[in-house]
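Participant: Sharing a structure with you now.
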Amino acid sequence: MYMAATKHNYLITNASEIPQVLKEAKYIATSGRPGPVLIDIPKDILNQKSDWVEPGQLDLPGYKPTLEPNPKMIQQAANLIKNSNKPILYVGGGIIHSKANQELFDLATKFNIPVVTTLMGRGAFPDGHELCLEMPGMHGNYTATTSIQKSDLLIAIGVRFDDRVTANPSFFAQNAKVIHADIDPAEIGKVREAQVPIVGDAKSVILGLINALGDTKLNTENWINELNSMKTEFPLSYNQNENGPLKVPFVLEELQSLTEEEAIVVSGVGQHQMWISQHWNFTEPNTWLNSGGLGTMGYSLPAAIGAKTAYPEKLVLALDGDGCFQMTCQELITASTENIPVKIVVFNNGNHGMVRQWQKIFYNSKFSASELGHVVPDYVKLAESMGAVGLRMTKKTEVKNVFSEMLKINDRPVLIDCVVDPEDMVFPMVPAGGSNDQIILNEEDLKNL
Amino acid sequence: MSERILSVLVEDKPGVLARVASTISRRGFNINSLSVGPTHIEGRSKMTIVTELDAVEQVKKQLNKLVNVIKIVELDPDMTIETEVLLLKVSINKDSQTSVIEKASLSGANSVDVGQDYAVFELTGSSKELNKFEDLMKPFGIIEMVRGGRIAIQTNL
Ligand SMILES: Cc1ncc(C[n+]2csc(CCOP(=O)(O)OP(=O)(O)O)c2C)c(N)n1
Ligand SMILES: [Mg+2]
């Protein structure tokens, strides 16, 4: 049952195996491409008495992750980079797992190569830097998505050409050659053929590239200028009316302006997740936790509790959707009883907003099982009943004050019921299976669908 | 679509067979034949998998990700010796007995058990030869037939 959802699993048949299995499991879970390892200990084994057996050497003849890239491939990659006028570093979660953000920064800035960061790679390269184009894809910004389309060379590191990035792969980056580096050989060439496939750990790959490029000067000035004017012409935007309903992007910008320190932001799945990825400024790795391609609704609160437990000194913000929150909100009791002061913002649009958005655009506004309502449950009372502080914001003038109040409370979990516009939609958007050359920028564009 | 034969060296651990089979079938590919058995190395088993994959490269990579899979070789059909085993129980009576046994022995099958009204034959050979033998026995009334998975080895290895 767990086979498809784990990297590996064990069934203990004798209690004496446990130490060795634990040692192996930890190694497998945390090395190579990390992933969960399940150890199944049946009830009869739990009741067994056994002497402690010191775990021995690891003997895993079938598990030898390749960390060091093949120097020949690195050289080939460097040659492609030297001849590129429009390179893009397309990077993802692999950079963060490999702790290669500093090396990535060196590579990008030394050779002047613009960077797009995928949903899982947000924070791997700092937002706000001139070379940072932020997130590409289905809800990526215009410049990031278009930069890939116009690029002549994708330097893909720790990414998997997910359909949320590529849309229809036959229209994806048609003019680009591809260097694809990943620690998992099964990802390379799976979606897009790579001219230079590199198996290895992101950090070693990047150090290898920096070394192989040496004193090369890339001529990317025109390319960067072109992208800069795109950024100016097609910025992310939102429209917060003075007296109108709250818009999530506005609320996010207000919240970030009030937090001095680098917070750990944890989201659910849906519109709010896309807005956070678009509008939050991520400048450090591991400050953005979300379930990515697995799309696990209900992830936010439990993951935030985990993050706060690991980093008690850090500000941990669970920025969740109302639909997602309802799936695991009982964990608020865990946070209260265990004294884990996470801060939760429930973006209450009264809907499974992302589902509603699709039903609106692709199913003629035939809304089916996507409506939740704004009032049930009463999130403030729910929070209070579970030992947390409950607050609410519904209009623009309240946002700053309510957030300030939340940020002052550090001895208990706090929840804000943030009532937002149910009609708001996430743009830009490229419909599933569409072409990244046809980006829907706003509601106006929908009329031409 | 043509058949592809994968020879997979695995650790002899519980659950390996299920992992390998599910990795292939999860992608909607049929397995025509799968056999597992010990090798000359202790703790290592060899699986021979015959399948009609077109995405064989991707499946090989996915199989390689399994912790207990050590090595995968795709066998070249032109340089591969392949064999399969069959046990077949057929009805006999006084009239048919001689003819059944004669036909079986001409096909190279060994009779391993002969009773009053049945005979059991064993035959090793290519899938084609086993199919032919099955056809030959059909008119007499096959009571039961079991075939082991196909096993294969490359000639130049
Ligand atoms: C367990 C689960 N069920 C269904 C989905 C499909 N799904 C993706 S987003 C979404 C709606 C999420 O609603 P909400 O948490 O309110 O977020 P919003 O889009 O409104 O911001 C659904 C149902 C999923 N990802 N996971
Ligand atoms: Mg919602």
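Chains: A, B, ... in order of the structure tokens. Residues: from 1 per chain. Ligands: from 1, in order shown.
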List all protein, DNA and RNA residues that have any atom at most 9 Å from ligand 2, counting only C-alpha atoms and all ligand atoms, and write the list as a ChimeraX atom specification.
Facilitator: /A:270-272,320-325,346-354,370-372,420,422
Participant: Which polymer residues have any atom within 8 Å of an atom of Asn101 in chain A, counting only C-alpha atoms, with same-chain residues fewer than 2 positions away left out, as a list in words?
Facilitator: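 Final neighbour list, sorted by chain and number: Ile95, Ile96, Lys99, Glu103, Leu104, Phe105, Ala124, Phe125 and Pro285 of chain A.
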Participant: Okay, now the selection with N, CA and C atoms, as a compact mmCIF listing (two decimals), in the first residue's frame?
Facilitator:
```
# COMPACT_ATOMS: atom_id res chain seq x y z
N ILE A 95 18.11 22.41 -5.68
CA ILE A 95 19.12 23.35 -5.18
C ILE A 95 19.00 23.44 -3.66
N ILE A 96 17.77 23.47 -3.19
CA ILE A 96 17.55 23.64 -1.75
C ILE A 96 17.97 22.36 -1.00
N LYS A 99 21.61 22.21 -0.71
CA LYS A 99 22.19 23.40 -0.05
C LYS A 99 23.16 24.11 -0.98
N GLU A 103 26.31 28.58 -4.20
CA GLU A 103 27.00 28.23 -5.44
C GLU A 103 26.18 28.70 -6.64
N LEU A 104 24.85 28.54 -6.54
CA LEU A 104 23.98 29.01 -7.62
C LEU A 104 24.12 30.53 -7.79
N PHE A 105 24.15 31.21 -6.67
CA PHE A 105 24.29 32.66 -6.70
C PHE A 105 25.60 33.05 -7.41
N ALA A 124 15.64 29.72 -3.60
CA ALA A 124 16.96 29.19 -3.95
C ALA A 124 17.84 30.30 -4.53
N PHE A 125 17.19 31.30 -5.10
CA PHE A 125 17.89 32.48 -5.60
C PHE A 125 17.05 33.67 -5.17
N PRO A 285 16.69 30.16 1.18
CA PRO A 285 16.13 28.81 1.00
C PRO A 285 15.45 28.34 2.29
```
Participant: Could you check the closest approach to ligand 1 for each of A:Phe250, A:Tyr311, A:Phe111, A:Trp275 and tell me which residue wins, using only C-alpha atoms and all ligand atoms?
Facilitator: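 The shortest atom-to-atom distance to ligand 1 comes from A:Trp275.
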Participant: Any idea which chain B residues end up within 10 Å of chain A if we count only C-alpha atoms, as a short mmCIF file (atom, residue, chain, number, x, y, z; two decimals) with N, CA, C and O atoms, in the first residue's frame please?
Facilitator:
```cif
data_model
loop_
_atom_site.label_atom_id
_atom_site.label_comp_id
_atom_site.auth_asym_id
_atom_site.auth_seq_id
_atom_site.Cartn_x
_atom_site.Cartn_y
_atom_site.Cartn_z
N LEU B 9 19.18 -8.12 -11.77
CA LEU B 9 19.85 -8.67 -10.59
C LEU B 9 19.34 -7.94 -9.36
O LEU B 9 19.40 -6.70 -9.30
N VAL B 10 18.82 -8.69 -8.40
CA VAL B 10 18.23 -8.05 -7.21
C VAL B 10 18.77 -8.68 -5.93
O VAL B 10 19.32 -9.78 -5.96
N GLU B 11 18.61 -7.95 -4.83
CA GLU B 11 18.89 -8.53 -3.53
C GLU B 11 17.76 -9.49 -3.20
O GLU B 11 16.60 -9.20 -3.47
N PRO B 14 12.62 -9.86 1.11
CA PRO B 14 11.15 -9.91 0.97
C PRO B 14 10.62 -8.64 0.29
O PRO B 14 11.13 -7.55 0.52
N GLY B 15 9.62 -8.80 -0.53
CA GLY B 15 8.97 -7.64 -1.14
C GLY B 15 9.58 -7.19 -2.46
O GLY B 15 9.01 -6.34 -3.14
N ALA B 18 7.35 -7.92 -5.52
CA ALA B 18 6.17 -7.04 -5.57
C ALA B 18 6.57 -5.64 -6.03
O ALA B 18 5.87 -5.01 -6.83
N ARG B 19 7.71 -5.16 -5.56
CA ARG B 19 8.15 -3.82 -5.95
C ARG B 19 8.42 -3.74 -7.44
O ARG B 19 8.00 -2.80 -8.12
N SER B 22 5.17 -4.12 -9.47
CA SER B 22 4.26 -2.96 -9.41
C SER B 22 4.86 -1.76 -10.13
O SER B 22 4.14 -0.95 -10.71
N THR B 23 6.19 -1.64 -10.10
CA THR B 23 6.81 -0.53 -10.83
C THR B 23 6.49 -0.63 -12.32
O THR B 23 6.26 0.39 -12.99
N ARG B 26 2.30 -0.46 -12.73
CA ARG B 26 1.74 0.85 -12.41
C ARG B 26 1.70 1.75 -13.64
O ARG B 26 0.91 2.65 -13.75
N ALA B 55 8.39 2.15 -23.63
CA ALA B 55 9.15 3.11 -22.82
C ALA B 55 10.18 2.39 -21.97
O ALA B 55 10.34 2.68 -20.79
N GLU B 57 13.34 2.41 -21.68
CA GLU B 57 14.42 3.17 -21.05
C GLU B 57 13.95 3.79 -19.72
O GLU B 57 14.64 3.73 -18.72
N GLN B 58 12.76 4.39 -19.74
CA GLN B 58 12.22 5.01 -18.54
C GLN B 58 11.95 3.96 -17.47
O GLN B 58 12.25 4.17 -16.29
N VAL B 59 11.41 2.82 -17.89
CA VAL B 59 11.11 1.78 -16.90
C VAL B 59 12.40 1.24 -16.29
O VAL B 59 12.47 0.99 -15.08
N LYS B 60 13.44 1.12 -17.10
CA LYS B 60 14.73 0.68 -16.55
C LYS B 60 15.21 1.66 -15.47
O LYS B 60 15.68 1.26 -14.41
N LYS B 61 15.06 2.96 -15.76
CA LYS B 61 15.49 3.96 -14.77
C LYS B 61 14.66 3.87 -13.50
O LYS B 61 15.17 3.97 -12.40
N GLN B 62 13.34 3.67 -13.69
CA GLN B 62 12.48 3.58 -12.50
C GLN B 62 12.83 2.33 -11.69
O GLN B 62 12.84 2.36 -10.47
N LEU B 63 13.11 1.23 -12.39
CA LEU B 63 13.48 0.00 -11.66
C LEU B 63 14.81 0.20 -10.92
O LEU B 63 14.98 -0.25 -9.80
N ASN B 64 15.72 0.89 -11.57
CA ASN B 64 17.01 1.15 -10.95
C ASN B 64 16.89 1.95 -9.66
O ASN B 64 17.75 1.91 -8.81
N LYS B 65 15.80 2.73 -9.55
CA LYS B 65 15.61 3.52 -8.33
C LYS B 65 15.24 2.65 -7.14
O LYS B 65 15.37 3.07 -6.01
N LEU B 66 14.74 1.45 -7.41
CA LEU B 66 14.36 0.58 -6.29
C LEU B 66 15.63 0.19 -5.53
O LEU B 66 16.62 -0.24 -6.13
N VAL B 67 15.57 0.34 -4.23
CA VAL B 67 16.76 0.16 -3.40
C VAL B 67 17.33 -1.25 -3.55
O VAL B 67 18.54 -1.44 -3.52
N ASN B 68 16.48 -2.25 -3.72
CA ASN B 68 16.97 -3.63 -3.78
C ASN B 68 17.37 -4.10 -5.18
O ASN B 68 17.79 -5.23 -5.36
N VAL B 69 17.22 -3.23 -6.17
CA VAL B 69 17.62 -3.62 -7.52
C VAL B 69 19.07 -3.22 -7.74
O VAL B 69 19.45 -2.07 -7.56
N ILE B 70 19.89 -4.19 -8.11
CA ILE B 70 21.33 -3.93 -8.23
C ILE B 70 21.73 -3.60 -9.66
O ILE B 70 22.47 -2.66 -9.91
N LYS B 71 21.22 -4.36 -10.62
CA LYS B 71 21.67 -4.15 -11.99
C LYS B 71 20.60 -4.62 -12.97
O LYS B 71 19.95 -5.64 -12.74
#
```
Participant: Just to confirm, what's the straight-line distance from CA of Gly200 in chain A to CA of Gly214 in chain A in Å (one decimal)?
Facilitator: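 Between CA of Gly200 in chain A and CA of Gly214 in chain A the gap is 20.3 Å.
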Participant: Near Phe140 in chain B, within 10 Å and counting only C-alpha atoms, which residues show up once chain neighbours fewer than 5 positions away are dropped, as a PDB file with N, CA and C atoms, in the first residue's frame?
Facilitator:
```pdb
ATOM      1  N   VAL B  90      -2.064 -34.970 -18.992  1.00  0.00           N
ATOM      2  CA  VAL B  90      -3.006 -35.232 -20.083  1.00  0.00           C
ATOM      3  C   VAL B  90      -3.761 -36.546 -19.801  1.00  0.00           C
ATOM      4  N   SER B  91      -5.015 -36.620 -20.282  1.00  0.00           N
ATOM      5  CA  SER B  91      -5.792 -37.866 -20.119  1.00  0.00           C
ATOM      6  C   SER B  91      -5.259 -38.942 -21.058  1.00  0.00           C
ATOM      7  N   ILE B  92      -5.234 -40.153 -20.558  1.00  0.00           N
ATOM      8  CA  ILE B  92      -4.947 -41.259 -21.479  1.00  0.00           C
ATOM      9  C   ILE B  92      -5.945 -42.383 -21.237  1.00  0.00           C
ATOM     10  N   ASN B  93      -6.123 -43.201 -22.226  1.00  0.00           N
ATOM     11  CA  ASN B  93      -6.855 -44.454 -22.039  1.00  0.00           C
ATOM     12  C   ASN B  93      -6.147 -45.528 -22.849  1.00  0.00           C
ATOM     13  N   SER B  96      -5.459 -44.538 -26.456  1.00  0.00           N
ATOM     14  CA  SER B  96      -4.607 -43.390 -26.770  1.00  0.00           C
ATOM     15  C   SER B  96      -3.206 -43.513 -26.197  1.00  0.00           C
ATOM     16  N   GLN B  97      -3.059 -44.330 -25.171  1.00  0.00           N
ATOM     17  CA  GLN B  97      -1.822 -44.369 -24.393  1.00  0.00           C
ATOM     18  C   GLN B  97      -0.549 -44.386 -25.246  1.00  0.00           C
ATOM     19  N   SER B  99      -0.019 -43.761 -28.378  1.00  0.00           N
ATOM     20  CA  SER B  99       0.138 -42.606 -29.261  1.00  0.00           C
ATOM     21  C   SER B  99       0.572 -41.368 -28.488  1.00  0.00           C
ATOM     22  N   VAL B 100      -0.010 -41.160 -27.296  1.00  0.00           N
ATOM     23  CA  VAL B 100       0.359 -39.992 -26.481  1.00  0.00           C
ATOM     24  C   VAL B 100       1.836 -40.060 -26.116  1.00  0.00           C
ATOM     25  N   ASP B 135      -0.373 -27.817 -28.263  1.00  0.00           N
ATOM     26  CA  ASP B 135      -1.304 -28.099 -29.364  1.00  0.00           C
ATOM     27  C   ASP B 135      -1.400 -29.591 -29.660  1.00  0.00           C
TER      28      ASP B 135
END
```
Participant: From a DSSP calculation on the backbone, collect every residue of range 42-201 of chain A in alpha helix (DSSP H) and output the set as a PyMOL selection string.
Facilitator: chain A and resi 43-46+71-82+93-97+101-111+142-150+163-166
Participant: Closest to ligand 1 among A:Lys447, A:Lys400, A:His374, A:Lys395, using only C-alpha atoms and all ligand atoms?
Facilitator: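 Looking only at the distances to ligand 1, the closest residue turns out to be A:His374.
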Participant: What does the distance between CA of Phe427 in chain A and CA of His279 in chain A come to in Å, to one decimal place?
Facilitator: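 Going from CA of Phe427 in chain A over to CA of His279 in chain A, I get 11.7 Å.
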Participant: According to DSSP computed on the backbone, where in range 236-368 of chain A is there strand (DSSP E)? Give the residues as number ranges by chain.
Facilitator: A: 264-267, 288-289, 316-321, 343-348
Participant: Deliver the residues from the most recent selection as a file, using N, CA and C atoms, as a PDB file, in the first residue's frame.
Facilitator:
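Saved the output as selection_37.pdb:
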```
ATOM      1  N   ILE A 264       9.265  31.690   8.080  1.00  0.00           N
ATOM      2  CA  ILE A 264       9.043  30.446   7.338  1.00  0.00           C
ATOM      3  C   ILE A 264       7.565  30.427   6.974  1.00  0.00           C
ATOM      4  N   VAL A 265       7.290  30.404   5.688  1.00  0.00           N
ATOM      5  CA  VAL A 265       5.917  30.486   5.204  1.00  0.00           C
ATOM      6  C   VAL A 265       5.486  29.103   4.722  1.00  0.00           C
ATOM      7  N   VAL A 266       4.329  28.656   5.218  1.00  0.00           N
ATOM      8  CA  VAL A 266       3.852  27.313   4.887  1.00  0.00           C
ATOM      9  C   VAL A 266       2.452  27.428   4.298  1.00  0.00           C
ATOM     10  N   SER A 267       2.230  26.869   3.122  1.00  0.00           N
ATOM     11  CA  SER A 267       0.908  27.042   2.514  1.00  0.00           C
ATOM     12  C   SER A 267       0.189  25.723   2.312  1.00  0.00           C
ATOM     13  N   TRP A 288      10.127  28.586   2.522  1.00  0.00           N
ATOM     14  CA  TRP A 288       8.865  28.368   1.800  1.00  0.00           C
ATOM     15  C   TRP A 288       8.597  26.882   1.774  1.00  0.00           C
ATOM     16  N   LEU A 289       7.567  26.444   2.519  1.00  0.00           N
ATOM     17  CA  LEU A 289       7.235  25.035   2.572  1.00  0.00           C
ATOM     18  C   LEU A 289       5.860  24.836   1.942  1.00  0.00           C
ATOM     19  N   VAL A 316       6.920  31.415  12.253  1.00  0.00           N
ATOM     20  CA  VAL A 316       6.369  30.438  11.324  1.00  0.00           C
ATOM     21  C   VAL A 316       4.923  30.816  11.005  1.00  0.00           C
ATOM     22  N   LEU A 317       4.664  31.046   9.734  1.00  0.00           N
ATOM     23  CA  LEU A 317       3.344  31.491   9.291  1.00  0.00           C
ATOM     24  C   LEU A 317       2.683  30.409   8.443  1.00  0.00           C
ATOM     25  N   ALA A 318       1.574  29.868   8.954  1.00  0.00           N
ATOM     26  CA  ALA A 318       0.767  28.962   8.142  1.00  0.00           C
ATOM     27  C   ALA A 318      -0.236  29.822   7.386  1.00  0.00           C
ATOM     28  N   LEU A 319       0.008  30.018   6.088  1.00  0.00           N
ATOM     29  CA  LEU A 319      -0.906  30.840   5.288  1.00  0.00           C
ATOM     30  C   LEU A 319      -1.725  29.872   4.447  1.00  0.00           C
ATOM     31  N   ASP A 320      -2.957  29.643   4.875  1.00  0.00           N
ATOM     32  CA  ASP A 320      -3.703  28.491   4.377  1.00  0.00           C
ATOM     33  C   ASP A 320      -4.991  28.912   3.685  1.00  0.00           C
ATOM     34  N   GLY A 321      -5.521  28.024   2.863  1.00  0.00           N
ATOM     35  CA  GLY A 321      -6.846  28.232   2.291  1.00  0.00           C
ATOM     36  C   GLY A 321      -7.909  27.706   3.245  1.00  0.00           C
ATOM     37  N   LYS A 343       1.500  30.757  13.793  1.00  0.00           N
ATOM     38  CA  LYS A 343       0.527  31.781  13.425  1.00  0.00           C
ATOM     39  C   LYS A 343      -0.140  31.346  12.126  1.00  0.00           C
ATOM     40  N   ILE A 344      -1.468  31.391  12.155  1.00  0.00           N
ATOM     41  CA  ILE A 344      -2.223  30.856  11.019  1.00  0.00           C
ATOM     42  C   ILE A 344      -3.075  31.972  10.419  1.00  0.00           C
ATOM     43  N   VAL A 345      -2.993  32.105   9.109  1.00  0.00           N
ATOM     44  CA  VAL A 345      -3.928  32.993   8.425  1.00  0.00           C
ATOM     45  C   VAL A 345      -4.777  32.127   7.509  1.00  0.00           C
ATOM     46  N   VAL A 346      -6.074  32.076   7.768  1.00  0.00           N
ATOM     47  CA  VAL A 346      -6.955  31.322   6.888  1.00  0.00           C
ATOM     48  C   VAL A 346      -7.526  32.284   5.855  1.00  0.00           C
ATOM     49  N   PHE A 347      -7.161  32.101   4.605  1.00  0.00           N
ATOM     50  CA  PHE A 347      -7.726  32.935   3.548  1.00  0.00           C
ATOM     51  C   PHE A 347      -9.118  32.406   3.221  1.00  0.00           C
ATOM     52  N   ASN A 348     -10.089  33.086   3.828  1.00  0.00           N
ATOM     53  CA  ASN A 348     -11.465  32.620   3.779  1.00  0.00           C
ATOM     54  C   ASN A 348     -12.175  33.271   2.592  1.00  0.00           C
TER      55      ASN A 348
END
```
Participant: Give me the residues within 12 Å of Ser127 in chain B as number ranges by chain, counting only C-alpha atoms and dropping any in the same chain fewer than 4 places off.
Facilitator: B: 32-33, 50, 81-86, 123, 131-134, 147-152
Participant: For the residues selected in the previous step, produce a file with C-alpha atoms as a PDB file, in the first residue's frame.
Facilitator:
```pdb
ATOM      1  CA  ASN B  32       4.292 -11.423 -20.504  1.00  0.00           C
ATOM      2  CA  SER B  33       6.485 -13.505 -18.288  1.00  0.00           C
ATOM      3  CA  VAL B  50       9.567 -10.366 -20.676  1.00  0.00           C
ATOM      4  CA  ILE B  81      19.550 -18.092 -25.174  1.00  0.00           C
ATOM      5  CA  GLU B  82      16.117 -18.452 -23.768  1.00  0.00           C
ATOM      6  CA  THR B  83      14.280 -21.345 -22.232  1.00  0.00           C
ATOM      7  CA  GLU B  84      11.096 -22.161 -20.402  1.00  0.00           C
ATOM      8  CA  VAL B  85       9.783 -25.181 -18.544  1.00  0.00           C
ATOM      9  CA  LEU B  86       6.395 -26.878 -18.770  1.00  0.00           C
ATOM     10  CA  LEU B 123       9.417 -30.277 -21.388  1.00  0.00           C
ATOM     11  CA  ASN B 131       3.190 -24.027 -27.537  1.00  0.00           C
ATOM     12  CA  LYS B 132       3.558 -26.683 -30.189  1.00  0.00           C
ATOM     13  CA  PHE B 133       3.599 -29.432 -27.578  1.00  0.00           C
ATOM     14  CA  GLU B 134       0.479 -28.033 -25.977  1.00  0.00           C
ATOM     15  CA  ARG B 147       4.551 -23.226 -17.333  1.00  0.00           C
ATOM     16  CA  GLY B 148       7.423 -21.636 -15.488  1.00  0.00           C
ATOM     17  CA  GLY B 149       8.550 -18.168 -16.458  1.00  0.00           C
ATOM     18  CA  ARG B 150      10.948 -17.697 -19.307  1.00  0.00           C
ATOM     19  CA  ILE B 151      14.593 -17.457 -18.337  1.00  0.00           C
ATOM     20  CA  ALA B 152      17.320 -16.072 -20.535  1.00  0.00           C
TER      21      ALA B 152
END
```
Participant: What is the distance, in Å and to one decimal place, between CA of Asn83 in chain A and CA of Gly123 in chain A?
Facilitator: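 If I compute the distance from CA of Asn83 in chain A to CA of Gly123 in chain A, I get 28.4 Å.
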Participant: So that I can see what lies close to Glu122 in chain B, please list as JSON, numbers by chain the residues with an atom at most 6 Å from it, counting only C-alpha atoms and leaving out residues fewer than 5 positions away in the same chain.
Facilitator: {"B": [86, 87, 109, 110]}
Participant: Excluding same-chain residues fewer than 4 positions from Asp378 in chain A, what lies within 10 Å of it counting only C-alpha atoms, as a PDB file with C-alpha atoms, in the first residue's frame?
Facilitator:
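Output (part-v1.pdb):
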```pdb
ATOM      1  CA  HIS A 374     -17.768  32.254   4.585  1.00  0.00           C
ATOM      2  CA  LEU A 382     -13.056  27.431  16.252  1.00  0.00           C
ATOM      3  CA  ALA A 383      -9.619  28.783  17.148  1.00  0.00           C
ATOM      4  CA  GLY A 390      -8.862  33.986  17.125  1.00  0.00           C
ATOM      5  CA  ASP A 417      -9.926  34.586   9.777  1.00  0.00           C
TER       6      ASP A 417
END
```
Participant: I'd like the neighbourhood of Asn448 in chain A as a PDB file with all heavy atoms, in the first residue's frame, where a residue qualifies if any of its atoms comes within 12 Å (using only C-alpha atoms), though same-chain residues fewer than 4 positions away should be ignored.
Facilitator:
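Saved the output as result-v7.pdb:
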```pdb
ATOM      1  N   ILE A 361     -13.893  29.349 -15.536  1.00  0.00           N
ATOM      2  CA  ILE A 361     -13.284  29.565 -16.852  1.00  0.00           C
ATOM      3  C   ILE A 361     -13.631  28.454 -17.842  1.00  0.00           C
ATOM      4  O   ILE A 361     -13.977  28.717 -18.987  1.00  0.00           O
ATOM      5  CB  ILE A 361     -11.747  29.675 -16.717  1.00  0.00           C
ATOM      6  CG1 ILE A 361     -11.377  30.858 -15.812  1.00  0.00           C
ATOM      7  CG2 ILE A 361     -11.084  29.819 -18.085  1.00  0.00           C
ATOM      8  CD1 ILE A 361      -9.887  30.988 -15.537  1.00  0.00           C
ATOM      9  N   GLN A 438       1.045  31.376 -25.026  1.00  0.00           N
ATOM     10  CA  GLN A 438      -0.260  32.030 -24.918  1.00  0.00           C
ATOM     11  C   GLN A 438      -0.660  32.177 -23.460  1.00  0.00           C
ATOM     12  O   GLN A 438      -1.312  31.323 -22.873  1.00  0.00           O
ATOM     13  CB  GLN A 438      -1.320  31.236 -25.689  1.00  0.00           C
ATOM     14  CG  GLN A 438      -1.268  31.557 -27.173  1.00  0.00           C
ATOM     15  CD  GLN A 438      -1.567  30.362 -28.041  1.00  0.00           C
ATOM     16  OE1 GLN A 438      -2.209  29.413 -27.598  1.00  0.00           O
ATOM     17  NE2 GLN A 438      -1.105  30.399 -29.279  1.00  0.00           N
ATOM     18  N   ILE A 439      -0.221  33.277 -22.888  1.00  0.00           N
ATOM     19  CA  ILE A 439      -0.437  33.504 -21.465  1.00  0.00           C
ATOM     20  C   ILE A 439      -1.672  34.383 -21.272  1.00  0.00           C
ATOM     21  O   ILE A 439      -1.790  35.439 -21.887  1.00  0.00           O
ATOM     22  CB  ILE A 439       0.796  34.188 -20.836  1.00  0.00           C
ATOM     23  CG1 ILE A 439       2.036  33.313 -21.050  1.00  0.00           C
ATOM     24  CG2 ILE A 439       0.567  34.463 -19.352  1.00  0.00           C
ATOM     25  CD1 ILE A 439       3.333  33.956 -20.585  1.00  0.00           C
ATOM     26  N   ILE A 440      -2.575  33.924 -20.430  1.00  0.00           N
ATOM     27  CA  ILE A 440      -3.739  34.747 -20.081  1.00  0.00           C
ATOM     28  C   ILE A 440      -3.309  35.672 -18.950  1.00  0.00           C
ATOM     29  O   ILE A 440      -2.954  35.222 -17.865  1.00  0.00           O
ATOM     30  CB  ILE A 440      -4.905  33.861 -19.615  1.00  0.00           C
ATOM     31  CG1 ILE A 440      -5.291  32.884 -20.734  1.00  0.00           C
ATOM     32  CG2 ILE A 440      -6.095  34.704 -19.207  1.00  0.00           C
ATOM     33  CD1 ILE A 440      -6.237  31.801 -20.270  1.00  0.00           C
ATOM     34  N   LEU A 441      -3.321  36.967 -19.220  1.00  0.00           N
ATOM     35  CA  LEU A 441      -2.751  37.907 -18.248  1.00  0.00           C
ATOM     36  C   LEU A 441      -3.776  38.426 -17.253  1.00  0.00           C
ATOM     37  O   LEU A 441      -3.443  38.827 -16.144  1.00  0.00           O
ATOM     38  CB  LEU A 441      -2.120  39.095 -18.973  1.00  0.00           C
ATOM     39  CG  LEU A 441      -0.777  38.795 -19.644  1.00  0.00           C
ATOM     40  CD1 LEU A 441      -0.324  39.983 -20.463  1.00  0.00           C
ATOM     41  CD2 LEU A 441       0.274  38.425 -18.602  1.00  0.00           C
ATOM     42  N   ASN A 442      -5.034  38.457 -17.676  1.00  0.00           N
ATOM     43  CA  ASN A 442      -6.064  39.031 -16.806  1.00  0.00           C
ATOM     44  C   ASN A 442      -7.445  38.582 -17.269  1.00  0.00           C
ATOM     45  O   ASN A 442      -7.573  37.855 -18.252  1.00  0.00           O
ATOM     46  CB  ASN A 442      -5.980  40.562 -16.825  1.00  0.00           C
ATOM     47  CG  ASN A 442      -5.880  41.074 -18.251  1.00  0.00           C
ATOM     48  OD1 ASN A 442      -6.581  40.573 -19.138  1.00  0.00           O
ATOM     49  ND2 ASN A 442      -5.003  42.020 -18.503  1.00  0.00           N
ATOM     50  N   GLU A 443      -8.460  39.051 -16.569  1.00  0.00           N
ATOM     51  CA  GLU A 443      -9.819  38.618 -16.884  1.00  0.00           C
ATOM     52  C   GLU A 443     -10.228  39.003 -18.301  1.00  0.00           C
ATOM     53  O   GLU A 443     -10.968  38.274 -18.964  1.00  0.00           O
ATOM     54  CB  GLU A 443     -10.796  39.183 -15.847  1.00  0.00           C
ATOM     55  CG  GLU A 443     -11.505  38.061 -15.134  1.00  0.00           C
ATOM     56  CD  GLU A 443     -12.422  38.506 -14.009  1.00  0.00           C
ATOM     57  OE1 GLU A 443     -11.917  39.144 -13.070  1.00  0.00           O
ATOM     58  OE2 GLU A 443     -13.612  38.183 -14.072  1.00  0.00           O
ATOM     59  N   GLU A 444      -9.733  40.172 -18.751  1.00  0.00           N
ATOM     60  CA  GLU A 444     -10.003  40.630 -20.132  1.00  0.00           C
ATOM     61  C   GLU A 444      -9.635  39.548 -21.145  1.00  0.00           C
ATOM     62  O   GLU A 444     -10.395  39.227 -22.055  1.00  0.00           O
ATOM     63  CB  GLU A 444      -9.158  41.882 -20.436  1.00  0.00           C
ATOM     64  CG  GLU A 444      -9.844  43.226 -20.250  1.00  0.00           C
ATOM     65  CD  GLU A 444     -11.258  43.306 -20.790  1.00  0.00           C
ATOM     66  OE1 GLU A 444     -11.398  43.384 -22.027  1.00  0.00           O
ATOM     67  OE2 GLU A 444     -12.219  43.289 -19.986  1.00  0.00           O
TER      68      GLU A 444
END
```
Participant: With only C-alpha atoms and all ligand atoms as the atoms that count, which of A:Ala310, A:Met274, A:Ile148, A:Ala202 lies nearest to ligand 1?
Facilitator: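 Comparing A:Ala310, A:Met274, A:Ile148, A:Ala202 against ligand 1, the winner is A:Met274.
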Participant: Smallest atom-to-atom distance to ligand 1: which of A:Val402, A:Leu133, A:Met425, A:Ile416, using only C-alpha atoms and all ligand atoms?
Facilitator: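 Closest to ligand 1 of all the choices is A:Met425.
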